[in-house]
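Containing mmCIF, C-alpha atoms: input_37.cif.
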```
data_query
#
loop_
_atom_site.label_atom_id
_atom_site.label_comp_id
_atom_site.auth_asym_id
_atom_site.auth_seq_id
_atom_site.Cartn_x
_atom_site.Cartn_y
_atom_site.Cartn_z
CA MET A 1 -16.09 -10.02 5.47
CA THR A 2 -18.33 -8.36 8.07
CA GLY A 3 -16.44 -5.55 9.75
CA THR A 4 -13.41 -6.40 7.65
CA ALA A 5 -10.74 -4.12 6.23
CA VAL A 6 -10.50 -5.19 2.59
CA CYS A 7 -7.23 -4.57 0.73
CA LEU A 8 -7.07 -5.15 -3.03
CA GLY A 9 -3.97 -5.27 -5.19
CA GLU A 10 -1.10 -7.32 -6.58
CA THR A 11 1.34 -9.31 -4.47
CA MET A 12 4.50 -10.74 -6.02
CA ALA A 13 7.24 -13.17 -5.22
CA GLN A 14 10.22 -11.17 -3.99
CA VAL A 15 13.81 -12.25 -4.62
CA THR A 16 16.52 -10.67 -2.47
CA PRO A 17 20.27 -11.33 -2.06
CA ALA A 18 20.65 -13.17 1.24
CA ASP A 19 24.08 -11.70 1.98
CA GLY A 20 23.22 -8.05 1.34
CA ALA A 21 25.38 -7.90 -1.78
CA GLY A 22 24.08 -6.74 -5.15
CA LEU A 23 22.38 -9.16 -7.53
CA GLU A 24 25.45 -9.32 -9.76
CA ASP A 25 27.68 -10.55 -6.93
CA SER A 26 25.42 -12.40 -4.49
CA ARG A 27 25.81 -16.18 -4.38
CA GLU A 28 22.59 -16.86 -2.47
CA LEU A 29 19.07 -15.49 -2.97
CA ARG A 30 16.07 -15.45 -0.64
CA LEU A 31 12.46 -15.84 -1.71
CA ALA A 32 9.81 -13.82 0.12
CA VAL A 33 6.36 -12.31 -0.42
CA ALA A 34 5.74 -8.62 -1.05
CA GLY A 35 2.84 -6.45 -2.11
CA ALA A 36 1.64 -3.10 -0.81
CA GLU A 37 -1.96 -4.07 -0.16
CA SER A 38 -1.34 -7.54 1.29
CA THR A 39 1.34 -6.03 3.52
CA VAL A 40 -1.22 -3.59 4.91
CA ALA A 41 -3.68 -6.45 5.41
CA GLN A 42 -1.10 -8.49 7.33
CA TYR A 43 -0.24 -5.59 9.63
CA LEU A 44 -3.92 -4.90 10.27
CA ALA A 45 -4.41 -8.54 11.25
CA ASP A 46 -1.38 -8.24 13.55
CA LEU A 47 -3.02 -5.21 15.16
CA GLY A 48 -6.16 -7.16 16.01
CA HIS A 49 -8.41 -6.29 13.06
CA ARG A 50 -10.23 -8.54 10.64
CA ALA A 51 -8.50 -8.10 7.31
CA ALA A 52 -8.96 -9.54 3.84
CA TRP A 53 -6.81 -9.42 0.74
CA VAL A 54 -8.38 -9.68 -2.75
CA SER A 55 -6.28 -10.31 -5.85
CA ARG A 56 -5.24 -12.76 -8.55
CA VAL A 57 -2.10 -14.87 -8.59
CA GLY A 58 -0.80 -17.37 -11.11
CA ASP A 59 -1.68 -21.03 -10.75
CA ASP A 60 1.96 -21.71 -9.97
CA PRO A 61 4.24 -22.36 -6.98
CA PHE A 62 4.82 -18.63 -6.42
CA GLY A 63 1.10 -17.93 -6.28
CA ARG A 64 0.41 -20.79 -3.89
CA ARG A 65 3.31 -19.73 -1.68
CA ILE A 66 2.01 -16.16 -1.55
CA VAL A 67 -1.55 -17.13 -0.64
CA ALA A 68 -0.33 -19.53 2.04
CA ALA A 69 2.03 -16.96 3.57
CA VAL A 70 -0.53 -14.14 3.71
CA GLY A 71 -3.24 -16.47 4.99
CA ALA A 72 -0.92 -17.75 7.73
CA ARG A 73 -0.82 -14.20 9.15
CA GLY A 74 -4.56 -14.34 9.84
CA VAL A 75 -5.67 -12.57 6.66
CA ASP A 76 -8.80 -13.77 4.83
CA VAL A 77 -7.54 -14.87 1.39
CA SER A 78 -10.81 -16.35 0.14
CA GLY A 79 -11.05 -13.49 -2.37
CA VAL A 80 -7.82 -14.46 -4.14
CA ARG A 81 -8.18 -16.33 -7.43
CA ALA A 82 -5.57 -18.44 -9.23
CA ASP A 83 -5.26 -17.66 -12.96
CA ALA A 84 -4.07 -20.60 -15.01
CA ALA A 85 -3.41 -18.39 -18.03
CA ALA A 86 -0.92 -15.94 -16.49
CA PRO A 87 1.99 -16.09 -14.04
CA THR A 88 2.50 -14.59 -10.62
CA GLY A 89 4.58 -11.41 -10.78
CA VAL A 90 8.15 -11.41 -9.49
CA TYR A 91 10.43 -8.60 -8.41
CA PHE A 92 14.08 -8.45 -7.44
CA LYS A 93 15.68 -6.19 -4.84
CA ASP A 94 19.21 -5.09 -5.73
CA PRO A 95 21.04 -3.55 -2.74
CA GLY A 96 23.85 -1.12 -3.47
CA PRO A 97 25.88 1.67 -1.86
CA ASP A 98 23.41 4.29 -3.11
CA GLY A 99 20.33 2.42 -1.94
CA THR A 100 18.22 -0.47 -3.13
CA ARG A 101 17.03 -0.67 -6.71
CA VAL A 102 13.96 -2.72 -7.63
CA HIS A 103 13.53 -4.72 -10.84
CA TYR A 104 9.97 -5.73 -11.71
CA TYR A 105 8.92 -8.72 -13.80
CA ARG A 106 5.18 -8.24 -13.61
CA ALA A 107 4.04 -7.36 -17.16
CA GLY A 108 1.22 -9.71 -18.11
CA SER A 109 0.95 -11.06 -14.58
CA ALA A 110 -2.21 -12.67 -13.26
CA ALA A 111 -2.99 -9.60 -11.14
CA SER A 112 -2.62 -7.28 -14.13
CA ARG A 113 -5.47 -9.21 -15.78
CA MET A 114 -7.95 -8.12 -13.13
CA GLY A 115 -10.91 -6.05 -14.30
CA PRO A 116 -14.31 -4.72 -13.20
CA GLY A 117 -15.67 -8.26 -12.88
CA ASP A 118 -13.29 -8.88 -9.99
CA ALA A 119 -15.23 -6.29 -7.98
CA ASP A 120 -17.93 -8.92 -7.50
CA ARG A 121 -15.61 -10.69 -5.05
CA VAL A 122 -15.66 -7.64 -2.74
CA ASP A 123 -18.82 -7.33 -0.63
CA LEU A 124 -18.55 -3.68 0.34
CA SER A 125 -21.88 -3.73 2.14
CA ARG A 126 -20.16 -5.80 4.83
CA ALA A 127 -16.71 -4.17 4.74
CA ARG A 128 -15.52 -1.71 7.35
CA LEU A 129 -12.88 -0.20 5.10
CA LEU A 130 -11.60 -0.58 1.55
CA HIS A 131 -7.89 0.08 1.02
CA LEU A 132 -6.54 0.77 -2.47
CA THR A 133 -3.27 2.09 -3.84
CA GLY A 134 -2.09 3.89 -6.94
CA ILE A 135 -0.14 0.80 -7.97
CA THR A 136 -3.23 -1.11 -9.10
CA PRO A 137 -4.51 1.34 -11.75
CA ALA A 138 -1.01 1.49 -13.23
CA LEU A 139 -0.97 -2.25 -13.98
CA SER A 140 -3.48 -2.26 -16.84
CA GLU A 141 -6.60 -0.61 -18.19
CA GLY A 142 -8.63 -3.41 -16.65
CA CYS A 143 -7.12 -2.79 -13.23
CA ALA A 144 -7.82 0.94 -13.54
CA ALA A 145 -11.43 0.15 -14.43
CA LEU A 146 -11.64 -2.18 -11.42
CA VAL A 147 -10.50 0.58 -9.08
CA ARG A 148 -13.07 3.01 -10.50
CA THR A 149 -15.80 0.36 -10.20
CA LEU A 150 -14.95 -0.21 -6.56
CA LEU A 151 -14.97 3.53 -5.88
CA ASP A 152 -18.42 3.78 -7.46
CA ARG A 153 -19.71 0.90 -5.35
CA ALA A 154 -18.12 2.29 -2.20
CA ALA A 155 -19.95 5.57 -2.79
CA ASP A 156 -23.22 3.65 -3.11
CA THR A 157 -22.67 1.62 0.07
CA GLY A 158 -21.06 4.39 2.12
CA THR A 159 -17.92 2.29 2.60
CA PHE A 160 -14.90 4.22 3.87
CA VAL A 161 -12.10 4.23 1.26
CA SER A 162 -8.42 4.81 1.96
CA PHE A 163 -6.13 5.46 -1.00
CA ASP A 164 -2.34 5.37 -0.79
CA VAL A 165 -0.97 7.21 -3.84
CA ASN A 166 2.09 4.91 -4.00
CA TYR A 167 3.47 6.49 -7.19
CA ARG A 168 5.68 4.05 -9.11
CA PRO A 169 7.13 5.92 -12.12
CA MET A 170 8.25 2.72 -13.86
CA LEU A 171 4.65 1.52 -14.11
CA TRP A 172 3.31 4.58 -15.92
CA SER A 173 3.77 5.66 -19.54
CA SER A 174 4.37 9.25 -18.42
CA ARG A 175 4.32 11.48 -15.35
CA GLY A 176 1.42 13.41 -16.86
CA GLU A 177 -0.73 10.28 -17.15
CA ALA A 178 0.07 9.29 -13.57
CA ALA A 179 -0.66 12.80 -12.27
CA ALA A 180 -4.06 12.88 -13.94
CA VAL A 181 -5.19 9.39 -12.94
CA LEU A 182 -3.85 9.45 -9.38
CA GLY A 183 -5.25 12.92 -8.79
CA GLU A 184 -8.68 11.79 -9.98
CA LEU A 185 -8.68 8.70 -7.77
CA ALA A 186 -7.31 10.51 -4.72
CA ARG A 187 -10.13 13.05 -4.88
CA ARG A 188 -12.67 10.23 -4.72
CA ALA A 189 -11.30 8.65 -1.54
CA ASP A 190 -12.21 9.44 2.06
CA LEU A 191 -8.61 9.18 3.18
CA VAL A 192 -5.52 9.84 1.07
CA LEU A 193 -1.99 8.93 2.11
CA VAL A 194 0.82 10.44 0.06
CA GLY A 195 4.48 11.29 0.41
CA ARG A 196 5.45 14.95 0.15
CA ASP A 197 8.06 13.92 -2.42
CA GLU A 198 5.40 12.04 -4.42
CA GLY A 199 3.23 15.13 -4.47
CA GLU A 200 6.09 17.27 -5.71
CA ALA A 201 6.98 14.77 -8.44
CA LEU A 202 3.39 14.35 -9.59
CA TRP A 203 1.77 17.74 -9.15
CA GLY A 204 4.62 20.18 -8.48
CA THR A 205 3.56 20.74 -4.86
CA PRO A 206 6.74 21.28 -2.80
CA THR A 207 5.11 21.51 0.64
CA ALA A 208 2.46 19.56 2.53
CA GLU A 209 0.24 22.64 2.49
CA ASP A 210 0.60 22.98 -1.28
CA LEU A 211 -0.36 19.34 -1.66
CA ARG A 212 -3.40 19.84 0.56
CA ASP A 213 -4.52 22.83 -1.49
CA HIS A 214 -4.03 20.93 -4.75
CA LEU A 215 -6.18 17.97 -3.68
CA ALA A 216 -8.66 19.60 -1.30
CA GLY A 217 -10.56 21.81 -3.73
CA ARG A 218 -12.63 19.02 -5.25
CA ARG A 219 -12.55 16.50 -2.41
CA ALA A 220 -15.49 15.50 -0.26
CA PRO A 221 -15.96 17.55 2.92
CA ARG A 222 -15.30 14.48 5.07
CA GLY A 223 -12.00 13.82 3.27
CA THR A 224 -8.74 13.45 5.18
CA LEU A 225 -5.24 13.87 3.80
CA VAL A 226 -2.10 12.45 5.40
CA VAL A 227 1.19 13.76 4.03
CA LYS A 228 4.32 11.78 4.88
CA ASP A 229 7.60 13.68 4.78
CA GLY A 230 10.20 10.97 5.30
CA ALA A 231 12.41 11.43 8.34
CA VAL A 232 10.74 14.77 9.13
CA GLY A 233 7.31 13.48 10.13
CA ALA A 234 3.72 13.29 8.95
CA THR A 235 0.77 15.69 8.93
CA GLU A 236 -2.93 14.96 8.89
CA PHE A 237 -5.18 17.57 7.30
CA SER A 238 -8.84 17.15 8.17
CA ALA A 239 -11.89 19.31 8.89
CA GLY A 240 -9.96 22.54 8.51
CA GLN A 241 -7.21 21.61 10.95
CA ASN A 242 -3.85 19.91 10.77
CA VAL A 243 -1.85 17.78 13.20
CA PHE A 244 1.86 17.09 12.77
CA VAL A 245 3.82 14.30 14.49
CA ALA A 246 7.58 14.15 14.04
CA ALA A 247 9.17 10.90 12.92
CA PRO A 248 11.45 9.31 15.53
CA ALA A 249 15.10 8.92 14.62
CA VAL A 250 15.81 5.55 12.99
CA ASP A 251 19.02 3.91 11.80
CA VAL A 252 17.81 3.04 8.31
CA VAL A 253 18.80 -0.30 6.82
CA GLU A 254 16.43 -0.13 3.85
CA ALA A 255 13.43 2.05 3.04
CA VAL A 256 11.44 -0.38 0.85
CA GLY A 257 8.07 -1.13 2.46
CA ALA A 258 8.13 1.66 5.04
CA GLY A 259 5.28 3.55 3.39
CA ASP A 260 2.99 0.52 3.51
CA ALA A 261 3.89 -0.06 7.15
CA PHE A 262 3.05 3.57 7.95
CA ALA A 263 -0.30 3.25 6.16
CA ALA A 264 -1.11 0.10 8.13
CA GLY A 265 -0.19 1.67 11.45
CA TYR A 266 -2.28 4.74 10.75
CA LEU A 267 -5.26 2.68 9.56
CA GLY A 268 -4.93 0.24 12.45
CA ALA A 269 -5.11 3.07 14.98
CA LEU A 270 -7.96 4.70 13.05
CA LEU A 271 -9.99 1.48 13.22
CA HIS A 272 -9.31 1.35 16.97
CA GLY A 273 -10.78 4.86 17.27
CA ALA A 274 -7.48 6.46 18.32
CA PRO A 275 -7.00 10.25 18.09
CA VAL A 276 -5.01 11.81 15.27
CA ALA A 277 -1.66 12.05 17.04
CA GLU A 278 -1.80 8.37 18.02
CA ARG A 279 -2.67 7.36 14.46
CA LEU A 280 0.35 9.18 13.09
CA ALA A 281 2.59 7.87 15.89
CA LEU A 282 1.64 4.24 15.24
CA GLY A 283 2.29 4.80 11.55
CA HIS A 284 5.79 6.02 12.39
CA ARG A 285 6.35 3.10 14.75
CA LEU A 286 5.52 0.43 12.20
CA ALA A 287 7.45 2.26 9.50
CA GLY A 288 10.44 2.34 11.83
CA ARG A 289 10.31 -1.44 12.20
CA THR A 290 10.55 -1.80 8.44
CA LEU A 291 13.27 0.82 8.05
CA ARG A 292 15.48 -1.15 10.43
CA SER A 293 15.07 -4.34 8.39
CA ILE A 294 15.66 -5.66 4.89
CA GLU A 295 12.13 -7.10 4.97
CA ASP A 296 9.11 -5.32 3.45
CA TYR A 297 6.91 -6.75 6.22
CA VAL A 298 8.13 -7.10 9.80
CA PRO A 299 5.44 -8.85 11.89
CA ALA A 300 3.87 -6.61 14.51
CA THR A 301 2.13 -7.66 17.70
CA THR A 302 -1.13 -6.15 18.89
CA VAL A 303 -1.21 -2.51 19.92
CA ALA A 304 -1.44 -3.45 23.58
CA ALA A 305 1.55 -5.79 23.40
CA GLU A 306 3.57 -3.19 21.51
CA GLU A 307 3.00 -0.66 24.28
CA ASN A 308 3.99 -3.06 27.10
#
```

So, in terms of structure tokens, how does the structure I just supplied come out?
Amino acid sequence: MTGTAVCLGETMAQVTPADGAGLEDSRELRLAVAGAESTVAQYLADLGHRAAWVSRVGDDPFGRRIVAAVGARGVDVSGVRADAAAPTGVYFKDPGPDGTRVHYYRAGSAASRMGPGDADRVDLSRARLLHLTGITPALSEGCAALVRTLLDRAADTGTFVSFDVNYRPMLWSSRGEAAAVLGELARRADLVLVGRDEGEALWGTPTAEDLRDHLAGRRAPRGTLVVKDGAVGATEFSAGQNVFVAAPAVDVVEAVGAGDAFAAGYLGALLHGAPVAERLALGHRLAGRTLRSIEDYVPATTVAAEEN
């Protein structure tokens, strides 16, 4: 994994109505692959970076399909283990006139059984970046302990850590628990990505500046915060300055997956050494691809090909 961006977290089989109708009425369903961290890894590979995804899946057809699909995109999947004692998680997308609802069937999944021992499959001394999200610690106590173990090891090795808050209310016992845990983990990362609406829901911070002030007090001096504000744009706060880039207008088909695409675009540009405005712009560009599609992951070409 030398020079590799390592992404750790659960990926599930995704079931979606093929005709755009709701689950109650659709007569045909499509099977796809979806997971925040593996989506980021796939985009990073598309953008010309070495990327790895670490997780557990069930020793079942869904798990094998997921590993094959992610690996086919050029992602190193050697850190994925098949668990014969637990299934691969599944989730269903249910389109409707008021937006898409998501139904998870992931309790007791193979990925939820991860724990601190799984950190041994991540060689941070050779990783260029470690990407985590707030989904993983919500899956189980073991997963939360795994995330903390990796943060400890990253501090020891000096590995750059990006943390996408990715607040999923259905996965937490209460908003208060989520606010405490996600706030703790965010303050330990080098880079935090969070939606303005997530910040308001979790910590009562209505503006990007309020969110910065809430998280910045106990964060490392080198820390960077990126606040995404939907169709408005995104702001990076770093080293006492802030840069805002407006989001281009997009005819939205579905919003699921756009946040992961933004994170991947931003990280991809960061790894290429691009300046702040270009990092935010590439995040918007990849998010826009997803917003115009019913897919969580819309394959991207390299940065150079995208610009030509």

Would you mind telling me which residue in A:Val252, A:Leu124, A:Val6, A:Ala13 lies nearest to A:Val80 when using all atoms listed in the file?
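Residue with the minimum atom-to-atom distance to A:Val80: A:Val6.
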
Pick from A:His103, A:Arg212, A:His49, A:His272: nearest to A:Thr16, with all atoms listed in the file counted?
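Among A:His103, A:Arg212, A:His49, A:His272, it is A:His103 that comes nearest to A:Thr16.
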
Applied to the shown file, which residues does the PyMOL selection byres ((chain A and resi 155) around 12) return, written as a ChimeraX atom specification?
/A:124-125,130,148-154,156-161,188-190,220

Nearest candidate to A:Gly283 (options A:Leu31, A:Leu270, A:Ala264, A:Val40; using all atoms listed in the file)
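Between A:Leu31, A:Leu270, A:Ala264, A:Val40, the residue approaching A:Gly283 most closely is A:Ala264.
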
What residues come out when you apply the PyMOL selection byres ((chain A and resi 95) around 10) to this file, written as a PDB file with C-alpha atoms, in the frame of the given file?
```pdb
ATOM      1  CA  THR A  16      16.520 -10.670  -2.470  1.00  0.00           C
ATOM      2  CA  PRO A  17      20.270 -11.330  -2.060  1.00  0.00           C
ATOM      3  CA  ASP A  19      24.080 -11.700   1.980  1.00  0.00           C
ATOM      4  CA  GLY A  20      23.220  -8.050   1.340  1.00  0.00           C
ATOM      5  CA  ALA A  21      25.380  -7.900  -1.780  1.00  0.00           C
ATOM      6  CA  GLY A  22      24.080  -6.740  -5.150  1.00  0.00           C
ATOM      7  CA  LEU A  23      22.380  -9.160  -7.530  1.00  0.00           C
ATOM      8  CA  PHE A  92      14.080  -8.450  -7.440  1.00  0.00           C
ATOM      9  CA  LYS A  93      15.680  -6.190  -4.840  1.00  0.00           C
ATOM     10  CA  ASP A  94      19.210  -5.090  -5.730  1.00  0.00           C
ATOM     11  CA  GLY A  96      23.850  -1.120  -3.470  1.00  0.00           C
ATOM     12  CA  PRO A  97      25.880   1.670  -1.860  1.00  0.00           C
ATOM     13  CA  ASP A  98      23.410   4.290  -3.110  1.00  0.00           C
ATOM     14  CA  GLY A  99      20.330   2.420  -1.940  1.00  0.00           C
ATOM     15  CA  THR A 100      18.220  -0.470  -3.130  1.00  0.00           C
ATOM     16  CA  ARG A 101      17.030  -0.670  -6.710  1.00  0.00           C
ATOM     17  CA  VAL A 102      13.960  -2.720  -7.630  1.00  0.00           C
ATOM     18  CA  GLU A 254      16.430  -0.130   3.850  1.00  0.00           C
ATOM     19  CA  ILE A 294      15.660  -5.660   4.890  1.00  0.00           C
TER      20      ILE A 294
END
```
